[in-house]
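One file, start_18.pdb, carrying PDB, C-alpha atoms and all ligand atoms:
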ATOM      1  CA  MET C   1      43.727 -12.329 119.631
ATOM      2  CA  ALA C   2      40.423 -12.921 121.416
ATOM      3  CA  PHE C   3      38.011 -11.158 119.072
ATOM      4  CA  VAL C   4      39.658 -10.583 115.701
ATOM      5  CA  GLU C   5      41.094 -13.244 113.400
ATOM      6  CA  TYR C   6      43.449 -12.617 110.518
ATOM      7  CA  GLU C   7      44.058 -15.132 107.768
ATOM      8  CA  VAL C   8      46.170 -14.813 104.644
ATOM      9  CA  LYS C   9      45.276 -16.549 101.375
ATOM     10  CA  ASP C  10      47.981 -15.784  98.804
ATOM     11  CA  ALA C  11      47.875 -11.987  98.393
ATOM     12  CA  VAL C  12      44.512 -11.557 100.131
ATOM     13  CA  GLY C  13      44.141 -10.887 103.861
ATOM     14  CA  ILE C  14      40.862 -11.804 105.570
ATOM     15  CA  ILE C  15      39.965 -10.011 108.806
ATOM     16  CA  THR C  16      37.127 -11.661 110.759
ATOM     17  CA  ILE C  17      35.448 -10.009 113.723
ATOM     18  CA  ASN C  18      34.800 -12.956 115.977
ATOM     19  CA  ARG C  19      32.578 -12.265 118.929
ATOM     20  CA  PRO C  20      29.544 -14.374 118.038
ATOM     21  CA  GLU C  21      28.089 -14.399 121.562
ATOM     22  CA  ALA C  22      27.276 -10.698 121.049
ATOM     23  CA  LEU C  23      26.655 -10.951 117.275
ATOM     24  CA  ASN C  24      30.155  -9.489 116.751
ATOM     25  CA  ALA C  25      29.260  -6.195 118.480
ATOM     26  CA  LEU C  26      32.139  -3.742 118.723
ATOM     27  CA  ASN C  27      33.395  -3.095 122.235
ATOM     28  CA  SER C  28      36.668  -1.343 123.111
ATOM     29  CA  ALA C  29      38.640  -4.580 123.053
ATOM     30  CA  VAL C  30      37.386  -5.450 119.553
ATOM     31  CA  LEU C  31      38.285  -1.966 118.302
ATOM     32  CA  ASP C  32      41.784  -2.215 119.839
ATOM     33  CA  GLU C  33      42.374  -5.617 118.268
ATOM     34  CA  LEU C  34      41.054  -4.478 114.916
ATOM     35  CA  SER C  35      43.404  -1.517 114.977
ATOM     36  CA  ALA C  36      46.360  -3.767 115.802
ATOM     37  CA  VAL C  37      45.471  -6.241 113.054
ATOM     38  CA  ILE C  38      45.234  -3.474 110.448
ATOM     39  CA  ASP C  39      48.611  -2.109 111.598
ATOM     40  CA  GLY C  40      50.094  -5.573 111.237
ATOM     41  CA  VAL C  41      49.016  -6.190 107.618
ATOM     42  CA  ASP C  42      52.082  -6.703 105.446
ATOM     43  CA  GLN C  43      51.597  -4.118 102.724
ATOM     44  CA  ASN C  44      54.403  -5.636 100.660
ATOM     45  CA  THR C  45      52.662  -8.956 100.159
ATOM     46  CA  ILE C  46      48.949  -8.269 100.700
ATOM     47  CA  ARG C  47      47.097  -6.662  97.804
ATOM     48  CA  CYS C  48      43.489  -6.749  98.961
ATOM     49  CA  LEU C  49      41.751  -7.099 102.336
ATOM     50  CA  ILE C  50      38.353  -8.592 103.150
ATOM     51  CA  LEU C  51      36.489  -7.665 106.332
ATOM     52  CA  THR C  52      33.770 -10.008 107.557
ATOM     53  CA  GLY C  53      32.044 -11.279 110.702
ATOM     54  CA  ALA C  54      32.120 -14.740 112.241
ATOM     55  CA  GLY C  55      29.055 -16.948 111.934
ATOM     56  CA  GLU C  56      26.109 -16.992 109.582
ATOM     57  CA  LYS C  57      23.866 -14.514 111.347
ATOM     58  CA  SER C  58      25.732 -11.302 111.881
ATOM     59  CA  PHE C  59      28.420  -9.183 110.285
ATOM     60  CA  VAL C  60      28.508  -6.679 113.165
ATOM     61  CA  ALA C  61      25.360  -5.894 115.212
ATOM     62  CA  GLY C  62      26.649  -2.468 116.193
ATOM     63  CA  ALA C  63      28.701  -0.925 118.912
ATOM     64  CA  ASP C  64      28.341  -2.723 122.229
ATOM     65  CA  ILE C  65      25.208  -1.299 123.835
ATOM     66  CA  ALA C  66      26.012  -2.762 127.267
ATOM     67  CA  GLU C  67      29.431  -1.071 127.275
ATOM     68  CA  MET C  68      28.009   2.230 126.022
ATOM     69  CA  SER C  69      24.996   2.386 128.309
ATOM     70  CA  SER C  70      26.734   4.101 131.246
ATOM     71  CA  LEU C  71      29.116   6.414 129.395
ATOM     72  CA  THR C  72      29.383  10.080 130.344
ATOM     73  CA  LYS C  73      29.260  12.785 127.649
ATOM     74  CA  ALA C  74      33.060  12.931 127.560
ATOM     75  CA  GLU C  75      33.388   9.159 127.472
ATOM     76  CA  GLY C  76      30.788   8.967 124.699
ATOM     77  CA  GLU C  77      32.765  11.413 122.597
ATOM     78  CA  ALA C  78      35.994   9.521 123.312
ATOM     79  CA  PHE C  79      34.373   6.222 122.340
ATOM     80  CA  GLY C  80      33.142   7.813 119.113
ATOM     81  CA  LYS C  81      36.693   8.976 118.380
ATOM     82  CA  LYS C  82      38.098   5.556 119.141
ATOM     83  CA  GLY C  83      35.791   3.952 116.577
ATOM     84  CA  ASN C  84      36.287   6.739 114.066
ATOM     85  CA  ASP C  85      40.083   6.424 114.295
ATOM     86  CA  VAL C  86      39.957   2.704 113.503
ATOM     87  CA  PHE C  87      37.361   3.108 110.739
ATOM     88  CA  ARG C  88      39.344   5.938 109.153
ATOM     89  CA  LYS C  89      42.395   3.688 109.232
ATOM     90  CA  LEU C  90      40.442   1.170 107.146
ATOM     91  CA  GLU C  91      39.071   3.828 104.821
ATOM     92  CA  THR C  92      42.489   5.334 104.116
ATOM     93  CA  PHE C  93      44.395   2.049 104.177
ATOM     94  CA  PRO C  94      46.518   2.020 101.014
ATOM     95  CA  ILE C  95      45.202  -1.409 100.011
ATOM     96  CA  PRO C  96      41.540  -1.960  99.011
ATOM     97  CA  VAL C  97      39.219  -3.323 101.713
ATOM     98  CA  ILE C  98      36.033  -5.170 100.714
ATOM     99  CA  ALA C  99      33.287  -5.666 103.307
ATOM    100  CA  ALA C 100      31.765  -9.153 103.019
ATOM    101  CA  VAL C 101      28.552  -8.489 104.924
ATOM    102  CA  ASN C 102      27.224 -11.831 106.144
ATOM    103  CA  GLY C 103      24.190 -10.784 108.195
ATOM    104  CA  PHE C 104      23.289  -7.915 110.526
ATOM    105  CA  ALA C 105      25.159  -4.691 109.753
ATOM    106  CA  LEU C 106      23.478  -2.370 112.215
ATOM    107  CA  GLY C 107      24.695   0.860 113.773
ATOM    108  CA  GLY C 108      28.471   0.527 114.094
ATOM    109  CA  GLY C 109      28.218  -2.523 111.823
ATOM    110  CA  CYS C 110      26.755  -0.498 108.977
ATOM    111  CA  GLU C 111      29.299   2.217 109.747
ATOM    112  CA  ILE C 112      32.320  -0.083 109.564
ATOM    113  CA  ALA C 113      31.009  -1.589 106.328
ATOM    114  CA  MET C 114      30.729   1.930 104.896
ATOM    115  CA  SER C 115      34.365   2.585 105.845
ATOM    116  CA  CYS C 116      35.410  -0.186 103.470
ATOM    117  CA  ASP C 117      35.891   0.535  99.767
ATOM    118  CA  PHE C 118      32.700  -1.310  98.838
ATOM    119  CA  ARG C 119      30.278  -3.878 100.177
ATOM    120  CA  ILE C 120      29.155  -7.273  98.904
ATOM    121  CA  CYS C 121      26.481  -8.927 101.045
ATOM    122  CA  SER C 122      24.632 -12.181 101.538
ATOM    123  CA  ASP C 123      20.897 -12.370 100.902
ATOM    124  CA  ASN C 124      20.177 -12.502 104.660
ATOM    125  CA  ALA C 125      22.045  -9.241 105.353
ATOM    126  CA  MET C 126      20.262  -6.387 107.073
ATOM    127  CA  PHE C 127      21.497  -2.819 107.236
ATOM    128  CA  GLY C 128      20.429   0.108 109.354
ATOM    129  CA  GLN C 129      21.281   2.881 111.751
ATOM    130  CA  PRO C 130      18.998   2.147 114.741
ATOM    131  CA  GLU C 131      20.654   4.767 116.965
ATOM    132  CA  ALA C 132      17.749   7.237 117.029
ATOM    133  CA  GLY C 133      15.697   4.528 118.742
ATOM    134  CA  LEU C 134      18.445   4.139 121.346
ATOM    135  CA  GLY C 135      18.592   7.836 122.148
ATOM    136  CA  ILE C 136      21.883   8.551 120.395
ATOM    137  CA  THR C 137      23.093   9.602 116.972
ATOM    138  CA  PRO C 138      25.402   7.365 114.958
ATOM    139  CA  GLY C 139      28.882   8.026 116.332
ATOM    140  CA  PHE C 140      31.225   6.049 114.090
ATOM    141  CA  GLY C 141      30.774   8.134 110.935
ATOM    142  CA  GLY C 142      27.257   6.981 109.996
ATOM    143  CA  THR C 143      25.735  10.405 109.480
ATOM    144  CA  GLN C 144      28.598  11.361 107.177
ATOM    145  CA  ARG C 145      29.249   8.232 105.146
ATOM    146  CA  LEU C 146      25.602   7.213 104.674
ATOM    147  CA  ALA C 147      24.757  10.670 103.304
ATOM    148  CA  ARG C 148      27.738  10.547 100.954
ATOM    149  CA  LEU C 149      26.924   7.022  99.767
ATOM    150  CA  ILE C 150      23.174   7.137  99.208
ATOM    151  CA  GLY C 151      22.462  10.887  99.235
ATOM    152  CA  PRO C 152      21.303  13.138 102.069
ATOM    153  CA  GLY C 153      17.546  12.682 101.595
ATOM    154  CA  MET C 154      17.500   8.898 101.802
ATOM    155  CA  ALA C 155      20.186   8.919 104.510
ATOM    156  CA  LYS C 156      18.146  11.298 106.657
ATOM    157  CA  GLN C 157      15.033   9.166 106.191
ATOM    158  CA  LEU C 158      16.880   6.041 107.357
ATOM    159  CA  LEU C 159      18.531   7.903 110.252
ATOM    160  CA  TYR C 160      15.336   9.550 111.522
ATOM    161  CA  THR C 161      13.150   6.454 111.185
ATOM    162  CA  ALA C 162      15.887   4.075 112.449
ATOM    163  CA  ARG C 163      14.420   1.580 109.979
ATOM    164  CA  ASN C 164      16.442  -1.485 109.062
ATOM    165  CA  ILE C 165      16.606  -2.472 105.411
ATOM    166  CA  LYS C 166      17.109  -5.831 103.758
ATOM    167  CA  ALA C 167      19.836  -6.693 101.269
ATOM    168  CA  GLU C 168      17.772  -6.022  98.125
ATOM    169  CA  GLU C 169      16.831  -2.529  99.303
ATOM    170  CA  ALA C 170      20.463  -1.846 100.223
ATOM    171  CA  LEU C 171      21.362  -2.860  96.668
ATOM    172  CA  ARG C 172      18.722  -0.579  95.169
ATOM    173  CA  LEU C 173      19.996   2.348  97.268
ATOM    174  CA  GLY C 174      23.617   1.760  96.260
ATOM    175  CA  LEU C 175      24.719   0.865  99.767
ATOM    176  CA  VAL C 176      25.959  -2.509  98.523
ATOM    177  CA  ASN C 177      27.347  -3.464  95.121
ATOM    178  CA  GLN C 178      26.074  -7.038  94.944
ATOM    179  CA  VAL C 179      23.859  -9.485  96.838
ATOM    180  CA  VAL C 180      24.700 -13.195  96.701
ATOM    181  CA  PRO C 181      23.319 -16.331  98.366
ATOM    182  CA  GLN C 182      24.914 -16.750 101.766
ATOM    183  CA  ALA C 183      26.936 -19.843 100.836
ATOM    184  CA  GLU C 184      28.460 -17.946  97.920
ATOM    185  CA  LEU C 185      29.456 -14.822  99.848
ATOM    186  CA  MET C 186      33.034 -15.655 100.782
ATOM    187  CA  PRO C 187      33.865 -17.528  97.534
ATOM    188  CA  THR C 188      32.518 -14.545  95.552
ATOM    189  CA  VAL C 189      34.413 -11.950  97.559
ATOM    190  CA  GLU C 190      37.606 -13.990  97.698
ATOM    191  CA  LYS C 191      37.521 -14.416  93.908
ATOM    192  CA  MET C 192      36.964 -10.684  93.480
ATOM    193  CA  ALA C 193      39.823  -9.878  95.888
ATOM    194  CA  ALA C 194      42.128 -12.311  94.081
ATOM    195  CA  GLY C 195      41.276 -10.570  90.794
ATOM    196  CA  ILE C 196      42.109  -7.178  92.289
ATOM    197  CA  ALA C 197      45.344  -8.661  93.648
ATOM    198  CA  GLN C 198      46.389  -9.600  90.115
ATOM    199  CA  ASN C 199      46.338  -6.000  88.917
ATOM    200  CA  ALA C 200      49.232  -3.630  89.409
ATOM    201  CA  PRO C 201      49.258  -2.676  93.108
ATOM    202  CA  ILE C 202      50.702   0.712  92.301
ATOM    203  CA  ALA C 203      47.676   1.397  90.102
ATOM    204  CA  VAL C 204      45.014  -0.107  92.396
ATOM    205  CA  ARG C 205      46.366   1.867  95.363
ATOM    206  CA  GLY C 206      46.545   4.971  93.180
ATOM    207  CA  CYS C 207      42.879   4.538  92.200
ATOM    208  CA  LYS C 208      41.855   4.302  95.857
ATOM    209  CA  GLU C 209      43.877   7.354  96.817
ATOM    210  CA  ALA C 210      42.597   9.382  93.863
ATOM    211  CA  VAL C 211      38.918   8.570  94.506
ATOM    212  CA  ASN C 212      39.196   9.171  98.251
ATOM    213  CA  LYS C 213      41.143  12.418  98.012
ATOM    214  CA  GLY C 214      39.248  13.751  95.020
ATOM    215  CA  LEU C 215      35.801  13.295  96.575
ATOM    216  CA  ASP C 216      36.688  15.867  99.230
ATOM    217  CA  LEU C 217      37.777  18.476  96.671
ATOM    218  CA  PRO C 218      36.253  20.765  94.035
ATOM    219  CA  MET C 219      36.618  19.226  90.542
ATOM    220  CA  ASP C 220      39.388  21.596  89.398
ATOM    221  CA  GLU C 221      41.532  20.484  92.326
ATOM    222  CA  ALA C 222      40.375  16.877  92.169
ATOM    223  CA  ILE C 223      41.557  16.345  88.608
ATOM    224  CA  VAL C 224      44.983  17.684  89.598
ATOM    225  CA  VAL C 225      45.117  14.996  92.310
ATOM    226  CA  GLU C 226      44.416  12.459  89.573
ATOM    227  CA  GLU C 227      47.047  13.953  87.251
ATOM    228  CA  LYS C 228      49.742  13.672  89.939
ATOM    229  CA  ILE C 229      48.865  10.082  90.826
ATOM    230  CA  PHE C 230      48.595   9.159  87.126
ATOM    231  CA  GLY C 231      51.959  10.761  86.398
ATOM    232  CA  ALA C 232      53.596   8.952  89.301
ATOM    233  CA  CYS C 233      52.732   5.599  87.698
ATOM    234  CA  PHE C 234      55.101   6.233  84.784
ATOM    235  CA  GLU C 235      58.679   4.944  84.792
ATOM    236  CA  THR C 236      57.636   2.384  87.407
ATOM    237  CA  HIS C 237      58.229  -1.327  87.003
ATOM    238  CA  ASP C 238      54.490  -1.980  87.094
ATOM    239  CA  GLN C 239      53.720   0.506  84.322
ATOM    240  CA  LYS C 240      56.464  -0.902  82.115
ATOM    241  CA  GLU C 241      55.352  -4.456  82.872
ATOM    242  CA  GLY C 242      51.648  -3.776  82.236
ATOM    243  CA  MET C 243      52.137  -1.895  78.990
ATOM    244  CA  GLY C 244      55.006  -4.158  77.915
ATOM    245  CA  ALA C 245      52.818  -7.234  78.319
ATOM    246  CA  PHE C 246      50.132  -5.661  76.133
ATOM    247  CA  LEU C 247      52.583  -4.676  73.414
ATOM    248  CA  GLU C 248      54.288  -8.085  73.472
ATOM    249  CA  LYS C 249      50.854  -9.827  73.479
ATOM    250  CA  ARG C 250      51.913 -11.554  76.685
ATOM    251  CA  LYS C 251      49.289 -12.722  79.207
ATOM    252  CA  GLU C 252      51.573 -13.325  82.206
ATOM    253  CA  LYS C 253      52.458 -10.209  84.131
ATOM    254  CA  THR C 254      54.613  -9.790  87.192
ATOM    255  CA  PHE C 255      53.660  -6.729  89.172
ATOM    256  CA  THR C 256      55.787  -5.684  92.131
ATOM    257  CA  ASN C 257      54.299  -2.409  93.394
ATOM    258  CA  ASN C 258      57.460  -0.651  92.282
TER     259      ASN C 258
HETATM  260  N1  LIG C 301      25.622  -4.647 121.727
HETATM  261  C1  LIG C 301      25.736  -5.547 122.714
HETATM  262  N2  LIG C 301      25.211  -6.788 122.653
HETATM  263  C2  LIG C 301      24.542  -7.112 121.535
HETATM  264  C3  LIG C 301      24.384  -6.215 120.465
HETATM  265  C4  LIG C 301      24.970  -4.925 120.577
HETATM  266  N3  LIG C 301      24.900  -4.006 119.610
HETATM  267  N4  LIG C 301      23.646  -6.812 119.505
HETATM  268  C5  LIG C 301      23.367  -8.036 119.958
HETATM  269  N5  LIG C 301      23.905  -8.231 121.177
HETATM  270  C6  LIG C 301      23.820  -9.426 122.026
HETATM  271  C7  LIG C 301      22.460  -9.551 122.685
HETATM  272  O1  LIG C 301      22.413  -8.758 123.837
HETATM  273  C8  LIG C 301      22.417 -11.026 122.962
HETATM  274  O2  LIG C 301      23.173 -11.292 124.114
HETATM  275  P1  LIG C 301      22.600 -12.302 125.271
HETATM  276  O3  LIG C 301      22.499 -13.619 124.556
HETATM  277  O4  LIG C 301      23.659 -12.262 126.313
HETATM  278  O5  LIG C 301      21.285 -11.758 125.667
HETATM  279  C9  LIG C 301      23.142 -11.653 121.795
HETATM  280  O6  LIG C 301      23.920 -10.581 121.216
HETATM  281  C10 LIG C 301      22.217 -12.178 120.728
HETATM  282  O7  LIG C 301      21.338 -11.133 120.360
HETATM  283  P2  LIG C 301      19.741 -11.314 120.322
HETATM  284  O8  LIG C 301      19.298 -12.364 121.304
HETATM  285  O9  LIG C 301      19.134  -9.953 120.466
HETATM  286  O10 LIG C 301      19.540 -11.874 118.854
HETATM  287  P3  LIG C 301      18.252 -11.729 117.930
HETATM  288  O11 LIG C 301      18.481 -12.612 116.750
HETATM  289  O12 LIG C 301      17.014 -11.897 118.710
HETATM  290  O13 LIG C 301      18.282 -10.187 117.420
HETATM  291  C11 LIG C 301      19.348  -8.221 116.558
HETATM  292  C12 LIG C 301      19.350  -9.765 116.611
HETATM  293  C13 LIG C 301      18.101  -7.722 115.825
HETATM  294  C14 LIG C 301      20.583  -7.789 115.795
HETATM  295  C15 LIG C 301      19.365  -7.654 117.998
HETATM  296  O14 LIG C 301      20.413  -8.300 118.726
HETATM  297  C16 LIG C 301      19.602  -6.183 118.072
HETATM  298  O15 LIG C 301      18.692  -5.418 117.817
HETATM  299  N6  LIG C 301      20.855  -5.763 118.429
HETATM  300  C17 LIG C 301      21.184  -4.399 118.588
HETATM  301  C18 LIG C 301      21.353  -3.734 117.241
HETATM  302  C19 LIG C 301      21.638  -2.259 117.408
HETATM  303  O16 LIG C 301      20.810  -1.511 117.890
HETATM  304  N7  LIG C 301      22.835  -1.847 117.002
HETATM  305  C20 LIG C 301      23.247  -0.469 117.076
HETATM  306  C21 LIG C 301      23.971  -0.217 118.362
HETATM  307  S1  LIG C 301      24.338   1.476 118.589
HETATM  308  C22 LIG C 301      25.668   1.740 117.647
HETATM  309  O17 LIG C 301      26.175   0.881 116.971
HETATM  310  C23 LIG C 301      26.209   3.114 117.688
HETATM  311  C24 LIG C 301      27.543   3.210 116.966
HETATM  312  C25 LIG C 301      28.214   4.496 117.307
HETATM  313  C26 LIG C 301      28.750   4.513 118.704
HETATM  314  C27 LIG C 301      29.327   5.793 119.063
HETATM  315  C28 LIG C 301      29.734   5.811 120.518
HETATM  316  C29 LIG C 301      29.725   7.120 121.157
END
Final structure tokens representation of the file:
Amino acid sequence: MAFVEYEVKDAVGIITINRPEALNALNSAVLDELSAVIDGVDQNTIRCLILTGAGEKSFVAGADIAEMSSLTKAEGEAFGKKGNDVFRKLETFPIPVIAAVNGFALGGGCEIAMSCDFRICSDNAMFGQPEAGLGITPGFGGTQRLARLIGPGMAKQLLYTARNIKAEEALRLGLVNQVVPQAELMPTVEKMAAGIAQNAPIAVRGCKEAVNKGLDLPMDEAIVVEEKIFGACFETHDQKEGMGAFLEKRKEKTFTNN
């Protein structure tokens, strides 16, 4: 593929948006390739995904402004849907997706990072939704996910002012989980992903599904979602293996997602 690379390291898949000449900006071709790469991930063997950008300067510097500049109203809406469909695919992907944010995460870049399960960034990362300065609103889920992640008041302030924030402020606001020196970003995230990959896939996937589904529901309904997913773990190979290993004081565990 021209703009998206996919590499597998043991049970971890690494997706790299690779369009450095435009700071990895998302045009239609990038979105199409990203969608195809996600569809192609082998869910039987891969247990955690990492999403990052090529180069040391930018994760994703937004949607492609040159491509968007001449869109009609209808085309703008369709482009928003195209991005939203791909981002939602990431957000609801059964396997966890970690964003390794290695630089600019602006506009669509911040939005795609927010579609991942969580974000780890390098100390040179910069986040923001600059759309108001470009005469548009965020269109790839930014108004919705930013408000859910950092609260409506702070989200509105960032959206209205179109102010970019540095890594440490993103950490303080809860937009990212951890800031690391740039050289340590991928080793840190790969180690974290490998650790996740060692846990029972049936349980990790269940956690993702329960958090995602439950957040959209009132608590009385949300805890029922958890009860069902929790119950479904029992009588599985992975539940017997995990609990059996504890009871037998055995360190080695073989999880199969069954
Ligand atoms: N789109 C297209 N090209 C871009 C983008 C982008 N978002 N960002 C950078 N580039 C290109 C530049 O045009 C430049 O190309 P060239 O070398 O051909 O001139 C190249 O990348 C390098 O960029 P700079 O020379 O500007 O690099 P600097 O280090 O000077 O600046 C910045 C880096 C600060 C990141 C700067 O490039 C910048 O401000 N970029 C735009 C950031 C931005 O505003 N992003 C938000 C875009 S809007 C958006 O994402 C909306 C999402 C929802 C869409 C919904 C559709 C309906």
In Å, with one decimal, what is the gap from CA of Glu248 (chain C) to CA of Ala197 (chain C)? 22.1 Å
As a PyMOL selection string, please: every protein or nucleic acid residue near ligand LIG 301 (chain C) (cut-off 6 Å, counting only C-alpha atoms and all ligand atoms). chain C and resi 21-23+25+61-66+76-77+79-80+104+106-108+130-131+138-140
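Counting all atoms listed in the file and comparing C:Ala210, C:Val97, C:Ala74, C:Ile38, the residue that lies closest to Ala193 (chain C) is C:Val97.
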Between CA of Ser28 (chain C) and CA of Asn84 (chain C), what is the distance, to one decimal in Å?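 Between CA of Ser28 (chain C) and CA of Asn84 (chain C) the gap is 12.1 Å.
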Restricting to only C-alpha atoms, whichever of C:Pro96, C:Gly244, C:Gly141, C:Gly214 is closest to Pro201 (chain C) is C:Pro96
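Of the listed residues C:Ala2, C:Ala132, C:Ala200, C:Met219, the one whose atoms come nearest to Thr161 (chain C) is C:Ala132, with distances taken using only C-alpha atoms.
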As AutoDock Vina command-line options, what would the box around region 98-103 of chain C look like: edges along x, y and z, 3 Å added on every side, centre and edge lengths in Å to one decimal?
--center_x 30.1 --center_y -8.5 --center_z 104.5 --size_x 17.8 --size_y 12.7 --size_z 13.5
All heavy atoms modelled onto region 22-29 of chain C, as a PDB file, in the coordinates of the input:
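Okay, part_9.pdb is ready:
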ATOM      1  N   ALA C  22      27.936 -12.013 121.067  1.00  0.00           N
ATOM      2  CA  ALA C  22      27.276 -10.698 121.049  1.00  0.00           C
ATOM      3  C   ALA C  22      27.051 -10.251 119.597  1.00  0.00           C
ATOM      4  O   ALA C  22      27.045  -9.059 119.303  1.00  0.00           O
ATOM      5  CB  ALA C  22      28.107  -9.677 121.807  1.00  0.00           C
ATOM      6  N   LEU C  23      26.878 -11.231 118.710  1.00  0.00           N
ATOM      7  CA  LEU C  23      26.655 -10.951 117.275  1.00  0.00           C
ATOM      8  C   LEU C  23      27.739 -10.023 116.716  1.00  0.00           C
ATOM      9  O   LEU C  23      27.470  -9.150 115.901  1.00  0.00           O
ATOM     10  CB  LEU C  23      25.253 -10.376 117.042  1.00  0.00           C
ATOM     11  CG  LEU C  23      24.078 -11.262 117.508  1.00  0.00           C
ATOM     12  CD1 LEU C  23      22.742 -10.632 117.128  1.00  0.00           C
ATOM     13  CD2 LEU C  23      24.165 -12.661 116.904  1.00  0.00           C
ATOM     14  N   ASN C  24      28.964 -10.218 117.210  1.00  0.00           N
ATOM     15  CA  ASN C  24      30.155  -9.489 116.751  1.00  0.00           C
ATOM     16  C   ASN C  24      30.083  -7.980 117.045  1.00  0.00           C
ATOM     17  O   ASN C  24      30.675  -7.168 116.319  1.00  0.00           O
ATOM     18  CB  ASN C  24      30.424  -9.735 115.256  1.00  0.00           C
ATOM     19  CG  ASN C  24      30.543 -11.206 114.934  1.00  0.00           C
ATOM     20  OD1 ASN C  24      31.094 -11.965 115.715  1.00  0.00           O
ATOM     21  ND2 ASN C  24      30.015 -11.635 113.800  1.00  0.00           N
ATOM     22  N   ALA C  25      29.351  -7.615 118.098  1.00  0.00           N
ATOM     23  CA  ALA C  25      29.260  -6.195 118.480  1.00  0.00           C
ATOM     24  C   ALA C  25      30.643  -5.663 118.841  1.00  0.00           C
ATOM     25  O   ALA C  25      31.497  -6.382 119.376  1.00  0.00           O
ATOM     26  CB  ALA C  25      28.292  -6.020 119.656  1.00  0.00           C
ATOM     27  N   LEU C  26      30.827  -4.379 118.545  1.00  0.00           N
ATOM     28  CA  LEU C  26      32.139  -3.742 118.723  1.00  0.00           C
ATOM     29  C   LEU C  26      32.253  -3.133 120.118  1.00  0.00           C
ATOM     30  O   LEU C  26      31.624  -2.119 120.400  1.00  0.00           O
ATOM     31  CB  LEU C  26      32.317  -2.623 117.686  1.00  0.00           C
ATOM     32  CG  LEU C  26      32.166  -3.007 116.212  1.00  0.00           C
ATOM     33  CD1 LEU C  26      32.136  -1.760 115.335  1.00  0.00           C
ATOM     34  CD2 LEU C  26      33.301  -3.946 115.788  1.00  0.00           C
ATOM     35  N   ASN C  27      33.049  -3.753 120.973  1.00  0.00           N
ATOM     36  CA  ASN C  27      33.395  -3.095 122.235  1.00  0.00           C
ATOM     37  C   ASN C  27      34.826  -2.558 122.114  1.00  0.00           C
ATOM     38  O   ASN C  27      35.461  -2.687 121.055  1.00  0.00           O
ATOM     39  CB  ASN C  27      33.225  -4.052 123.428  1.00  0.00           C
ATOM     40  CG  ASN C  27      34.123  -5.267 123.332  1.00  0.00           C
ATOM     41  OD1 ASN C  27      35.067  -5.287 122.536  1.00  0.00           O
ATOM     42  ND2 ASN C  27      33.842  -6.277 124.136  1.00  0.00           N
ATOM     43  N   SER C  28      35.332  -1.965 123.183  1.00  0.00           N
ATOM     44  CA  SER C  28      36.668  -1.343 123.111  1.00  0.00           C
ATOM     45  C   SER C  28      37.737  -2.362 122.748  1.00  0.00           C
ATOM     46  O   SER C  28      38.654  -2.066 121.966  1.00  0.00           O
ATOM     47  CB  SER C  28      37.036  -0.714 124.452  1.00  0.00           C
ATOM     48  OG  SER C  28      36.109   0.252 124.784  1.00  0.00           O
ATOM     49  N   ALA C  29      37.619  -3.559 123.314  1.00  0.00           N
ATOM     50  CA  ALA C  29      38.640  -4.580 123.053  1.00  0.00           C
ATOM     51  C   ALA C  29      38.650  -4.971 121.574  1.00  0.00           C
ATOM     52  O   ALA C  29      39.716  -5.132 120.962  1.00  0.00           O
ATOM     53  CB  ALA C  29      38.385  -5.810 123.927  1.00  0.00           C
TER      54      ALA C  29
END
